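Engineer: Input: one structure, supplied below.
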Amino acid sequence: IVVIGVFIGIQVANWNDERVAAANEAKLIARLTEEMKTLEAELAIDAENYKSTVSATGALLTALRNDAIPADEEAFRWILWRANHFEDIPSLSASYSELIASGGLSRISNPELRTALIRYGDHFGRYDRLYSVGISTVLNPDSHYLRAVQWSTDPELWNDPDTAIVSYDWNALQNSKGELQAWQAYQNDGQRSIRNMHLEVQKIRSLLG
């Protein structure tokens with residue numbers, strides 16, 4: 001009788017532990033669902049921004065190689081403005097960070113979801129490492145671009161190409177072709193990382209239901 005009682009006690013304790021674990025996972029899934037919904041929208045915007053940035057840098061480089069000043073001054077100022085961009089590091093899921101810090105990722109019962117979360121973290125880490133190099137390259141104060149293009153001294157005006165770019169020197173811009181190639185390479189890598197992150201977040205959302 002004592003042995004049976006001990007066995008039943010252990011079983012009840014295990015059942016309670018499983019019930020608590022299942023409840024905790026359900027709460028985590030709910031938080032992840034909300035966070036991934038927000039992240040999906042943010043990363044979609046970042047991906048579109050990168051698409052226009054890579055295109056603008058390419059257009060500027062092509063114009064300089066052809067030594068042909070674009071006839072549309074407004075469009076060219078937009079290209080000058082958009083090319084000098086590198087997207088900020090996107091938000092990181094707080095629930096994902098908590099799982100990594102606590103070693104709780106292994107407790108996610110769905111193996112596909114675990115794998116998708118790991119890939120999401122890998123893509124985020126890759127962009128995080130790329131960012132410091134990419135931003136310092138694009139915003140290098142000694143670059144030929146920044147010597148040729150005069151930006152407004154008022155940061156409030158930087159979000160509008162009509163007010164951000166005060167003036168530019170076409171001849172001086174000719175010296176920036178080499179660095180623009182480097183810009184586009186970093187921007188393209190950034191675009192790829194953001195796109196992969198976005199795809200992984202979409203996969204996570206579909207697995208969360």
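Identifiers for the structure tokens are assigned positionally: chains receive A, B, ... in sequence, residues are indexed from 1 per chain, and ligands are indexed from 1 in the order shown.
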Hey, could you make a per-residue contact list for region 27-61 of chain A against region 184-193 of chain A with 12 Å as the cut-off, showing the nearest pair of atoms and its distance in Å to one decimal, counting only C-alpha atoms, sorted by chain and number, as JSON lines?
Structural biologist:
```
{"residue": "A:Leu43", "atom": "CA", "partner": "A:Gln191", "partner_atom": "CA", "distance": 10.3}
{"residue": "A:Ala44", "atom": "CA", "partner": "A:Gln191", "partner_atom": "CA", "distance": 10.9}
{"residue": "A:Ile45", "atom": "CA", "partner": "A:Gln191", "partner_atom": "CA", "distance": 11.3}
{"residue": "A:Asp46", "atom": "CA", "partner": "A:Gln191", "partner_atom": "CA", "distance": 8.2}
{"residue": "A:Ala47", "atom": "CA", "partner": "A:Gln191", "partner_atom": "CA", "distance": 6.2}
{"residue": "A:Glu48", "atom": "CA", "partner": "A:Gln191", "partner_atom": "CA", "distance": 8.8}
{"residue": "A:Asn49", "atom": "CA", "partner": "A:Gln191", "partner_atom": "CA", "distance": 8.7}
{"residue": "A:Tyr50", "atom": "CA", "partner": "A:Gln191", "partner_atom": "CA", "distance": 5.4}
{"residue": "A:Lys51", "atom": "CA", "partner": "A:Gln191", "partner_atom": "CA", "distance": 7.0}
{"residue": "A:Ser52", "atom": "CA", "partner": "A:Gln191", "partner_atom": "CA", "distance": 10.1}
{"residue": "A:Thr53", "atom": "CA", "partner": "A:Gln187", "partner_atom": "CA", "distance": 7.5}
{"residue": "A:Val54", "atom": "CA", "partner": "A:Gln184", "partner_atom": "CA", "distance": 5.9}
{"residue": "A:Ser55", "atom": "CA", "partner": "A:Gln184", "partner_atom": "CA", "distance": 8.7}
{"residue": "A:Ala56", "atom": "CA", "partner": "A:Gln184", "partner_atom": "CA", "distance": 9.2}
{"residue": "A:Thr57", "atom": "CA", "partner": "A:Gln184", "partner_atom": "CA", "distance": 6.1}
{"residue": "A:Gly58", "atom": "CA", "partner": "A:Gln184", "partner_atom": "CA", "distance": 7.0}
{"residue": "A:Ala59", "atom": "CA", "partner": "A:Gln184", "partner_atom": "CA", "distance": 10.6}
{"residue": "A:Leu60", "atom": "CA", "partner": "A:Gln184", "partner_atom": "CA", "distance": 10.5}
{"residue": "A:Leu61", "atom": "CA", "partner": "A:Gln184", "partner_atom": "CA", "distance": 9.3}
```
Engineer: Just the selected residues (N, CA, C and O atoms), exported as a PDB file, in the first residue's frame, please.
Structural biologist:
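In the end it all went to result.pdb:
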```pdb
ATOM      1  N   LEU A  43       9.340  44.328 -40.284  1.00  0.00           N
ATOM      2  CA  LEU A  43      10.321  43.791 -41.219  1.00  0.00           C
ATOM      3  C   LEU A  43       9.871  43.955 -42.666  1.00  0.00           C
ATOM      4  O   LEU A  43      10.709  44.108 -43.566  1.00  0.00           O
ATOM      5  N   ALA A  44       8.569  43.937 -42.909  1.00  0.00           N
ATOM      6  CA  ALA A  44       8.058  44.164 -44.262  1.00  0.00           C
ATOM      7  C   ALA A  44       8.423  45.577 -44.725  1.00  0.00           C
ATOM      8  O   ALA A  44       8.826  45.780 -45.883  1.00  0.00           O
ATOM      9  N   ILE A  45       8.290  46.545 -43.820  1.00  0.00           N
ATOM     10  CA  ILE A  45       8.657  47.935 -44.145  1.00  0.00           C
ATOM     11  C   ILE A  45      10.158  48.042 -44.377  1.00  0.00           C
ATOM     12  O   ILE A  45      10.617  48.681 -45.335  1.00  0.00           O
ATOM     13  N   ASP A  46      10.948  47.408 -43.492  1.00  0.00           N
ATOM     14  CA  ASP A  46      12.415  47.444 -43.636  1.00  0.00           C
ATOM     15  C   ASP A  46      12.847  46.830 -44.973  1.00  0.00           C
ATOM     16  O   ASP A  46      13.759  47.341 -45.639  1.00  0.00           O
ATOM     17  N   ALA A  47      12.194  45.724 -45.360  1.00  0.00           N
ATOM     18  CA  ALA A  47      12.544  45.055 -46.621  1.00  0.00           C
ATOM     19  C   ALA A  47      12.260  45.962 -47.816  1.00  0.00           C
ATOM     20  O   ALA A  47      13.063  46.043 -48.757  1.00  0.00           O
ATOM     21  N   GLU A  48      11.125  46.660 -47.788  1.00  0.00           N
ATOM     22  CA  GLU A  48      10.788  47.582 -48.874  1.00  0.00           C
ATOM     23  C   GLU A  48      11.760  48.766 -48.909  1.00  0.00           C
ATOM     24  O   GLU A  48      12.158  49.225 -49.986  1.00  0.00           O
ATOM     25  N   ASN A  49      12.130  49.261 -47.719  1.00  0.00           N
ATOM     26  CA  ASN A  49      13.097  50.365 -47.653  1.00  0.00           C
ATOM     27  C   ASN A  49      14.431  49.947 -48.255  1.00  0.00           C
ATOM     28  O   ASN A  49      15.070  50.722 -48.995  1.00  0.00           O
ATOM     29  N   TYR A  50      14.864  48.735 -47.934  1.00  0.00           N
ATOM     30  CA  TYR A  50      16.134  48.257 -48.473  1.00  0.00           C
ATOM     31  C   TYR A  50      16.064  48.093 -49.986  1.00  0.00           C
ATOM     32  O   TYR A  50      17.035  48.375 -50.706  1.00  0.00           O
ATOM     33  N   LYS A  51      14.919  47.636 -50.468  1.00  0.00           N
ATOM     34  CA  LYS A  51      14.752  47.459 -51.914  1.00  0.00           C
ATOM     35  C   LYS A  51      14.955  48.781 -52.633  1.00  0.00           C
ATOM     36  O   LYS A  51      15.682  48.856 -53.641  1.00  0.00           O
ATOM     37  N   SER A  52      14.364  49.860 -52.113  1.00  0.00           N
ATOM     38  CA  SER A  52      14.513  51.173 -52.745  1.00  0.00           C
ATOM     39  C   SER A  52      15.925  51.726 -52.539  1.00  0.00           C
ATOM     40  O   SER A  52      16.464  52.418 -53.414  1.00  0.00           O
ATOM     41  N   THR A  53      16.555  51.402 -51.399  1.00  0.00           N
ATOM     42  CA  THR A  53      17.916  51.870 -51.135  1.00  0.00           C
ATOM     43  C   THR A  53      18.924  51.248 -52.096  1.00  0.00           C
ATOM     44  O   THR A  53      19.754  51.946 -52.688  1.00  0.00           O
ATOM     45  N   VAL A  54      18.854  49.927 -52.252  1.00  0.00           N
ATOM     46  CA  VAL A  54      19.761  49.230 -53.170  1.00  0.00           C
ATOM     47  C   VAL A  54      19.558  49.739 -54.593  1.00  0.00           C
ATOM     48  O   VAL A  54      20.524  49.951 -55.344  1.00  0.00           O
ATOM     49  N   SER A  55      18.296  49.959 -54.966  1.00  0.00           N
ATOM     50  CA  SER A  55      17.992  50.466 -56.297  1.00  0.00           C
ATOM     51  C   SER A  55      18.547  51.881 -56.492  1.00  0.00           C
ATOM     52  O   SER A  55      19.119  52.195 -57.546  1.00  0.00           O
ATOM     53  N   ALA A  56      18.407  52.734 -55.470  1.00  0.00           N
ATOM     54  CA  ALA A  56      18.905  54.113 -55.564  1.00  0.00           C
ATOM     55  C   ALA A  56      20.422  54.153 -55.676  1.00  0.00           C
ATOM     56  O   ALA A  56      20.979  54.915 -56.482  1.00  0.00           O
ATOM     57  N   THR A  57      21.102  53.336 -54.881  1.00  0.00           N
ATOM     58  CA  THR A  57      22.566  53.299 -54.942  1.00  0.00           C
ATOM     59  C   THR A  57      23.023  52.838 -56.322  1.00  0.00           C
ATOM     60  O   THR A  57      23.972  53.383 -56.900  1.00  0.00           O
ATOM     61  N   GLY A  58      22.328  51.832 -56.867  1.00  0.00           N
ATOM     62  CA  GLY A  58      22.654  51.354 -58.207  1.00  0.00           C
ATOM     63  C   GLY A  58      22.411  52.409 -59.265  1.00  0.00           C
ATOM     64  O   GLY A  58      23.216  52.573 -60.204  1.00  0.00           O
ATOM     65  N   ALA A  59      21.306  53.149 -59.118  1.00  0.00           N
ATOM     66  CA  ALA A  59      20.984  54.206 -60.090  1.00  0.00           C
ATOM     67  C   ALA A  59      22.019  55.325 -60.042  1.00  0.00           C
ATOM     68  O   ALA A  59      22.420  55.865 -61.084  1.00  0.00           O
ATOM     69  N   LEU A  60      22.449  55.686 -58.838  1.00  0.00           N
ATOM     70  CA  LEU A  60      23.468  56.730 -58.688  1.00  0.00           C
ATOM     71  C   LEU A  60      24.787  56.278 -59.307  1.00  0.00           C
ATOM     72  O   LEU A  60      25.448  57.039 -60.032  1.00  0.00           O
ATOM     73  N   LEU A  61      25.165  55.051 -59.048  1.00  0.00           N
ATOM     74  CA  LEU A  61      26.411  54.510 -59.581  1.00  0.00           C
ATOM     75  C   LEU A  61      26.375  54.459 -61.113  1.00  0.00           C
ATOM     76  O   LEU A  61      27.353  54.817 -61.790  1.00  0.00           O
TER      77      LEU A  61
END
```
Engineer: Pick out the residues sitting within 12 Å of region 66-79 of chain A, and hand them over as a PyMOL selection string; count only C-alpha atoms, and ignore anything fewer than 6 positions along from it in its own chain.
Structural biologist: chain A and resi 52-60+85+149-151+158-175+177
Engineer: Please provide the set of residues having any atom within 12 Å of region 120-127 of chain A, restricted to only C-alpha atoms, with same-chain residues fewer than 5 positions apart removed, written as a PyMOL selection string.
Structural biologist: chain A and resi 36+39-40+43+86-97+99-100+105+113-115+132-135+186-205
Engineer: Counting only C-alpha atoms, figure out which residue out of A:Leu130, A:Pro155, A:Asn84, A:Ser109 gets nearest to Glu179 (chain A).
Structural biologist: A:Asn84
Engineer: Taking the backbone alone, and naming residues the way the document does, which bits of chain A are strand (DSSP E) by DSSP, as a list of chain:residue names?
Structural biologist: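 Those residues are A:Val149, A:Gln150, A:Trp151, A:Ile165, A:Val166, A:Ser167, A:Tyr168.
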Engineer: Could you check how far CA of Glu35 (chain A) sits from CA of Leu207 (chain A), in Å to one decimal?
Structural biologist: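 Here the two named atoms are 13.9 Å from each other.
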Engineer: Residues of region 35-194 of chain A in helix (DSSP H, G or I) according to DSSP, as a PyMOL selection string?
Structural biologist: chain A and resi 35-66+73-83+94-102+104-107+111-138+144-148+155-157+161-164+170-194
Engineer: Between CA of Asp128 (chain A) and CA of Arg147 (chain A), measure the distance and give it in Å to one decimal.
Structural biologist: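 Going from CA of Asp128 (chain A) over to CA of Arg147 (chain A) covers 28.1 Å.
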Engineer: In Å to one decimal, how far is CA of Ala101 (chain A) from CA of Gly209 (chain A)?
Structural biologist: 24.8 Å
Engineer: Using only C-alpha atoms, can you tell me which of A:Leu180, A:Leu157, A:Ser206, A:Arg107 comes closest to Leu64 (chain A)?
Structural biologist: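 Nearest candidate to Leu64 (chain A) out of A:Leu180, A:Leu157, A:Ser206, A:Arg107: A:Leu180.
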